[in-house]
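Student: my_file_16.pdb is the file, holding PDB, C-alpha atoms:
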```
ATOM      1  CA  MET A   1     107.779 -23.766 165.134
ATOM      2  CA  LYS A   2     110.346 -25.364 162.843
ATOM      3  CA  VAL A   3     108.180 -24.530 159.820
ATOM      4  CA  ILE A   4     108.089 -20.839 160.758
ATOM      5  CA  ASN A   5     111.869 -20.791 161.239
ATOM      6  CA  ASP A   6     112.348 -22.506 157.868
ATOM      7  CA  ILE A   7     110.104 -19.927 156.148
ATOM      8  CA  ILE A   8     111.939 -16.982 157.737
ATOM      9  CA  GLU A   9     115.319 -18.520 156.874
ATOM     10  CA  TRP A  10     114.183 -19.037 153.249
ATOM     11  CA  LEU A  11     112.997 -15.391 153.045
ATOM     12  CA  VAL A  12     116.361 -14.155 154.356
ATOM     13  CA  GLN A  13     118.443 -16.404 152.095
ATOM     14  CA  THR A  14     116.553 -15.529 148.922
ATOM     15  CA  GLY A  15     116.638 -11.797 149.649
ATOM     16  CA  LEU A  16     112.858 -11.639 149.525
ATOM     17  CA  LEU A  17     112.755 -10.257 153.064
ATOM     18  CA  SER A  18     114.891  -7.282 151.981
ATOM     19  CA  VAL A  19     112.680  -6.661 148.956
ATOM     20  CA  LEU A  20     109.562  -6.782 151.145
ATOM     21  CA  ALA A  21     111.129  -4.402 153.672
ATOM     22  CA  ILE A  22     112.130  -1.888 150.966
ATOM     23  CA  PHE A  23     108.688  -2.114 149.329
ATOM     24  CA  SER A  24     106.972  -1.565 152.682
ATOM     25  CA  LEU A  25     109.157   1.439 153.482
ATOM     26  CA  LYS A  26     108.447   3.008 150.097
ATOM     27  CA  GLN A  27     104.715   2.549 150.662
ATOM     28  CA  LEU A  28     104.868   3.952 154.199
ATOM     29  CA  LYS A  29     107.166   6.913 153.477
ATOM     30  CA  PRO A  30     104.418   9.254 152.124
ATOM     31  CA  ILE A  31     102.216   8.413 155.103
ATOM     32  CA  LEU A  32     105.036   9.065 157.579
ATOM     33  CA  ASP A  33     105.991  12.304 155.809
ATOM     34  CA  ASN A  34     102.380  13.454 155.954
ATOM     35  CA  LYS A  35     102.212  12.659 159.683
ATOM     36  CA  ALA A  36     105.438  14.607 160.314
ATOM     37  CA  GLU A  37     104.168  17.604 158.324
ATOM     38  CA  HIS A  38     100.872  17.548 160.216
ATOM     39  CA  ALA A  39     102.689  17.421 163.563
ATOM     40  CA  SER A  40     104.868  20.357 162.529
ATOM     41  CA  THR A  41     101.804  22.362 161.487
ATOM     42  CA  GLU A  42     100.049  21.619 164.773
ATOM     43  CA  GLN A  43     103.158  22.632 166.718
ATOM     44  CA  SER A  44     103.356  25.916 164.805
ATOM     45  CA  LYS A  45      99.677  26.623 165.499
ATOM     46  CA  ALA A  46     100.168  25.947 169.203
ATOM     47  CA  LEU A  47     103.218  28.243 169.300
ATOM     48  CA  TRP A  48     101.351  31.063 167.554
ATOM     49  CA  THR A  49      98.383  30.641 169.927
ATOM     50  CA  LEU A  50     100.714  30.900 172.919
ATOM     51  CA  LEU A  51     102.390  33.955 171.385
ATOM     52  CA  GLU A  52      99.016  35.639 170.826
ATOM     53  CA  GLN A  53      97.930  34.962 174.412
ATOM     54  CA  VAL A  54     101.167  36.342 175.849
ATOM     55  CA  ALA A  55     100.946  39.431 173.617
ATOM     56  CA  ASP A  56      97.304  40.013 174.628
ATOM     57  CA  MET A  57      98.216  39.811 178.306
ATOM     58  CA  ALA A  58     101.196  42.147 177.862
ATOM     59  CA  VAL A  59      99.111  44.732 176.007
ATOM     60  CA  THR A  60      96.292  44.538 178.561
ATOM     61  CA  SER A  61      98.716  44.967 181.450
ATOM     62  CA  LEU A  62     100.137  48.168 179.958
ATOM     63  CA  VAL A  63      96.917  49.914 178.917
ATOM     64  CA  SER A  64      96.453  51.919 182.128
ATOM     65  CA  GLN A  65     100.086  53.020 182.432
ATOM     66  CA  ASP A  66     100.902  56.652 181.776
ATOM     67  CA  LYS A  67     103.329  56.146 178.894
ATOM     68  CA  SER A  68     103.383  56.982 175.229
ATOM     69  CA  GLY A  69     102.107  54.452 172.734
ATOM     70  CA  ARG A  70     105.605  53.728 171.494
ATOM     71  CA  GLU A  71     106.884  53.113 175.027
ATOM     72  CA  LYS A  72     103.995  50.741 175.717
ATOM     73  CA  PHE A  73     104.628  48.916 172.444
ATOM     74  CA  ASP A  74     108.342  48.523 173.196
ATOM     75  CA  GLU A  75     107.677  47.349 176.745
ATOM     76  CA  ALA A  76     105.007  44.886 175.576
ATOM     77  CA  SER A  77     107.483  43.542 173.017
ATOM     78  CA  MET A  78     110.119  43.080 175.722
ATOM     79  CA  ILE A  79     107.620  41.298 177.976
ATOM     80  CA  VAL A  80     106.572  38.954 175.192
ATOM     81  CA  ASN A  81     110.195  38.262 174.255
ATOM     82  CA  ASP A  82     111.132  37.491 177.879
ATOM     83  CA  VAL A  83     108.161  35.186 178.453
ATOM     84  CA  MET A  84     108.723  33.285 175.221
ATOM     85  CA  LYS A  85     112.436  32.874 176.019
ATOM     86  CA  LYS A  86     111.551  31.522 179.458
ATOM     87  CA  GLN A  87     109.249  29.017 177.745
ATOM     88  CA  GLY A  88     112.148  27.923 175.528
ATOM     89  CA  TYR A  89     111.164  29.681 172.292
ATOM     90  CA  LYS A  90     113.549  32.036 170.513
ATOM     91  CA  LEU A  91     111.588  34.269 168.172
ATOM     92  CA  ASP A  92     112.809  37.070 165.950
ATOM     93  CA  SER A  93     111.804  40.630 166.767
ATOM     94  CA  GLN A  94     109.591  40.963 163.682
ATOM     95  CA  THR A  95     107.407  38.048 164.822
ATOM     96  CA  ILE A  96     107.110  39.517 168.314
ATOM     97  CA  HIS A  97     106.277  42.984 166.954
ATOM     98  CA  THR A  98     103.627  41.479 164.693
ATOM     99  CA  ALA A  99     101.998  39.667 167.619
ATOM    100  CA  VAL A 100     102.059  42.775 169.835
ATOM    101  CA  GLN A 101     100.670  44.961 167.032
ATOM    102  CA  SER A 102      97.897  42.434 166.465
ATOM    103  CA  ALA A 103      97.108  42.413 170.193
ATOM    104  CA  TYR A 104      96.878  46.225 170.230
ATOM    105  CA  GLU A 105      94.563  46.210 167.233
ATOM    106  CA  LYS A 106      92.285  43.535 168.703
ATOM    107  CA  SER A 107      92.132  45.025 172.191
ATOM    108  CA  ASP A 108      88.954  46.876 173.145
ATOM    109  CA  LEU A 109      90.950  48.747 175.789
ATOM    110  CA  THR A 110      93.261  50.529 173.373
ATOM    111  CA  PRO A 111      91.937  53.506 171.394
ATOM    112  CA  THR A 112      93.015  52.314 167.942
ATOM    113  CA  LYS A 113      89.619  52.576 166.256
ATOM    114  CA  ILE A 114      87.810  55.794 165.484
ATOM    115  CA  LYS A 115      84.180  55.544 166.452
ATOM    116  CA  GLU A 116      81.741  56.956 163.932
ATOM    117  CA  ASP A 117      78.727  58.966 165.036
ATOM    118  CA  GLU A 118      75.478  57.090 164.644
TER
END
```
What is this file in structure tokens?
Tutor:
Amino acid sequence: MKVINDIIEWLVQTGLLSVLAIFSLKQLKPILDNKAEHASTEQSKALWTLLEQVADMAVTSLVSQDKSGREKFDEASMIVNDVMKKQGYKLDSQTIHTAVQSAYEKSDLTPTKIKEDE
């Protein structure tokens, strides 16, 4: 045990421990940055997936209502905004409108596509 303490004390006194720590941090920094970027990307994907699901549900819930398309779009946008706020996400209106528009375009229940005669 005394030998280990002597080695550690020698590393501290000579400054070699500091050099090794700085070298290790410089080698690990790109790896840690990459991990942080990956986590951020995954979080963004999860948020967009949640936003798409909420928008799809909002659009589907309004399809059968007797309102104009614009009224349905505005109400769906409000629903999505409220749900996302309750989940703790503050999104700008352009992002919400994009998600709702995408949900309308993907929905089989909304008449957005013109069917061609076969």
Student: Return the single residue from A:Leu51, A:Thr14, A:Phe73, A:Val59 that is closest to Lys85 (chain A), with distances computed using all atoms listed in the file.
Tutor: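 Smallest distance to Lys85 (chain A) is found for A:Leu51.
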Student: Quick one: apply the PyMOL selection byres ((chain A and resi 93-100) around 12) to the file and drop the selected residues here as number ranges by chain.
Tutor: A: 47-60, 62, 70, 72-85, 89-92, 101-107
Student: Mind pulling up the distance from CA of Ala36 (chain A) to CA of Val19 (chain A)?
Tutor: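 Result for CA of Val19 (chain A) versus CA of Ala36 (chain A): 25.2 Å, one decimal.
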Student: Record the distance separating CA of Ser40 (chain A) and CA of Gly88 (chain A), expressed in Å with one decimal.
Tutor: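 Between CA of Ser40 (chain A) and CA of Gly88 (chain A) the gap is 16.7 Å.
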Student: How many Å separate CA of Asn5 (chain A) from CA of Lys26 (chain A)?
Tutor: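 Computing the Euclidean distance for CA of Asn5 (chain A) and CA of Lys26 (chain A) yields 26.5 Å.
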